[in-house]
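S.K.: One structure is given below, represented as structure tokens, and several questions about it will come after.
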Amino acid sequence: MAVLPIRLYGDPVLRAKAKKVEKFDEELREFIASMIETMHAAEGIGLAAPQVGVSRALCVIDVGLIEEGQLPKAFINPVIHASSQETDVREEGCLSIPGITEDVRRPQGIRLSYQDEFGVEHELECQGLLARVLQHEIDHLHGVFFTDKLSSIKRKMLSKKLRNIARDAQKEKA
Ligand code: NI
């Protein structure tokens, strides 16, 4: 297990479409343990694999922060099958976009399928914060940031800050 470096806005891996996970082996489970450790170290509620530079369709969510008594959980190859008509607005942030939080409107509830770390298929219907975090993390697997969901005026207002984050990400790599 290890705390992995988090990729920032502007890194191409965050705009790529993540590939399906096919192998459910010890290596995958070790990677998941590292992702959970990284999420905790960064005090995040969720983390998607592309955020640590791995373009694979999985994310981890600290479900314990949402429902008491739950453990952090991996959602592998998640697919949203249905979204509620009803939407709500909540403030979001992202470990890959430090310093920016904005209100985002999303469906209030979703139904999804996913696999666990042993490859077992699950179906889940959820509402509220868990549905919100899942949508945010699943967006990462399609190269989408929460800032993409904002109005064009809001995006324009943020564009300088986002460019600065992308520039810092470049510098860190160099
Ligand atoms: Ni994020």
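Chain labels A, B, ... are given in the sequence in which chains occur in the structure tokens; within each chain residues are numbered consecutively from 1, and ligands are likewise numbered from 1 in the order shown.
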Give me the residues within 10 Å of segment 85-98 of chain A as a PyMOL selection string, counting only C-alpha atoms and dropping any in the same chain fewer than 2 places off.
M.R.: chain A and resi 6-11+14+39+42-48+51-52+82-83+100-110+128-129+132-133+136-137+145-147+161-162+165-166+169
S.K.: Could you go through chain A and tell me which residues DSSP, when run on the backbone, assigns to helix (DSSP H, G or I), listing them as number ranges by chain?
M.R.: A: 12-15, 26-41, 49-52, 63-65, 128-141, 146-149, 152-173
S.K.: Could you write out that same residue set with C-alpha atoms as an mmCIF file, in the first residue's frame?
M.R.:
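Final file, out-v3.cif:
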```cif
data_model
loop_
_atom_site.group_PDB
_atom_site.id
_atom_site.type_symbol
_atom_site.label_atom_id
_atom_site.label_comp_id
_atom_site.auth_asym_id
_atom_site.auth_seq_id
_atom_site.Cartn_x
_atom_site.Cartn_y
_atom_site.Cartn_z
ATOM 1 C CA PRO A 12 -4.222 14.375 -20.259
ATOM 2 C CA VAL A 13 -4.963 11.158 -18.308
ATOM 3 C CA LEU A 14 -7.888 13.012 -16.697
ATOM 4 C CA ARG A 15 -9.492 13.637 -20.113
ATOM 5 C CA GLU A 26 -4.234 -9.470 -6.027
ATOM 6 C CA GLU A 27 -2.593 -6.635 -7.934
ATOM 7 C CA LEU A 28 -5.984 -4.960 -8.428
ATOM 8 C CA ARG A 29 -6.832 -5.349 -4.745
ATOM 9 C CA GLU A 30 -3.486 -3.869 -3.736
ATOM 10 C CA PHE A 31 -4.096 -0.940 -6.076
ATOM 11 C CA ILE A 32 -7.535 -0.400 -4.494
ATOM 12 C CA ALA A 33 -5.944 -0.407 -1.013
ATOM 13 C CA SER A 34 -3.487 2.258 -2.209
ATOM 14 C CA MET A 35 -6.311 4.323 -3.695
ATOM 15 C CA ILE A 36 -8.183 4.206 -0.377
ATOM 16 C CA GLU A 37 -5.011 5.218 1.469
ATOM 17 C CA THR A 38 -4.484 8.082 -0.998
ATOM 18 C CA MET A 39 -8.110 9.240 -0.624
ATOM 19 C CA HIS A 40 -7.781 9.266 3.173
ATOM 20 C CA ALA A 41 -4.423 11.076 3.091
ATOM 21 C CA ALA A 49 -8.257 5.734 -10.837
ATOM 22 C CA PRO A 50 -7.406 8.319 -13.553
ATOM 23 C CA GLN A 51 -6.737 10.786 -10.711
ATOM 24 C CA VAL A 52 -3.715 8.681 -9.783
ATOM 25 C CA VAL A 63 -19.063 5.320 2.154
ATOM 26 C CA GLY A 64 -18.431 5.536 5.909
ATOM 27 C CA LEU A 65 -18.539 9.335 5.625
ATOM 28 C CA GLY A 128 -28.498 11.943 -2.001
ATOM 29 C CA LEU A 129 -24.812 12.218 -1.194
ATOM 30 C CA LEU A 130 -23.826 8.691 -2.287
ATOM 31 C CA ALA A 131 -25.549 9.194 -5.678
ATOM 32 C CA ARG A 132 -23.821 12.563 -5.954
ATOM 33 C CA VAL A 133 -20.316 11.231 -5.199
ATOM 34 C CA LEU A 134 -20.807 8.253 -7.525
ATOM 35 C CA GLN A 135 -21.839 10.524 -10.405
ATOM 36 C CA HIS A 136 -18.818 12.769 -9.801
ATOM 37 C CA GLU A 137 -16.410 9.798 -9.730
ATOM 38 C CA ILE A 138 -18.002 8.011 -12.716
ATOM 39 C CA ASP A 139 -17.670 11.266 -14.684
ATOM 40 C CA HIS A 140 -13.898 11.046 -14.073
ATOM 41 C CA LEU A 141 -13.896 7.649 -15.824
ATOM 42 C CA PHE A 146 -17.543 18.817 -12.317
ATOM 43 C CA THR A 147 -16.522 22.175 -13.748
ATOM 44 C CA ASP A 148 -17.710 20.947 -17.187
ATOM 45 C CA LYS A 149 -21.243 20.851 -15.739
ATOM 46 C CA SER A 152 -20.723 28.865 -19.624
ATOM 47 C CA ILE A 153 -20.560 32.101 -17.623
ATOM 48 C CA LYS A 154 -19.328 30.232 -14.525
ATOM 49 C CA ARG A 155 -16.813 28.311 -16.618
ATOM 50 C CA LYS A 156 -15.534 31.542 -18.094
ATOM 51 C CA MET A 157 -15.123 33.005 -14.604
ATOM 52 C CA LEU A 158 -13.114 29.936 -13.565
ATOM 53 C CA SER A 159 -11.046 29.587 -16.712
ATOM 54 C CA LYS A 160 -8.063 31.563 -15.403
ATOM 55 C CA LYS A 161 -7.917 29.575 -12.152
ATOM 56 C CA LEU A 162 -8.166 26.325 -14.120
ATOM 57 C CA ARG A 163 -5.390 27.421 -16.476
ATOM 58 C CA ASN A 164 -3.193 28.199 -13.456
ATOM 59 C CA ILE A 165 -3.803 24.729 -11.992
ATOM 60 C CA ALA A 166 -2.937 23.166 -15.378
ATOM 61 C CA ARG A 167 0.242 25.256 -15.553
ATOM 62 C CA ASP A 168 1.288 24.182 -12.043
ATOM 63 C CA ALA A 169 0.602 20.551 -12.999
ATOM 64 C CA GLN A 170 2.986 20.959 -15.944
ATOM 65 C CA LYS A 171 5.654 22.476 -13.701
ATOM 66 C CA GLU A 172 5.347 19.674 -11.175
ATOM 67 C CA LYS A 173 6.006 17.138 -13.930
#
```
S.K.: Just give me the gap between atom CA of Glu123 of chain A and atom CA of Phe75 of chain A in Å, one decimal is fine.
M.R.: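 Distance reported for this atom pair: 10.8 Å.
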S.K.: So which one's closest to ligand 1, A:Leu124, A:Val60, A:Val21, A:Ala2? Using only C-alpha atoms and all ligand atoms, please.
M.R.: A:Val60
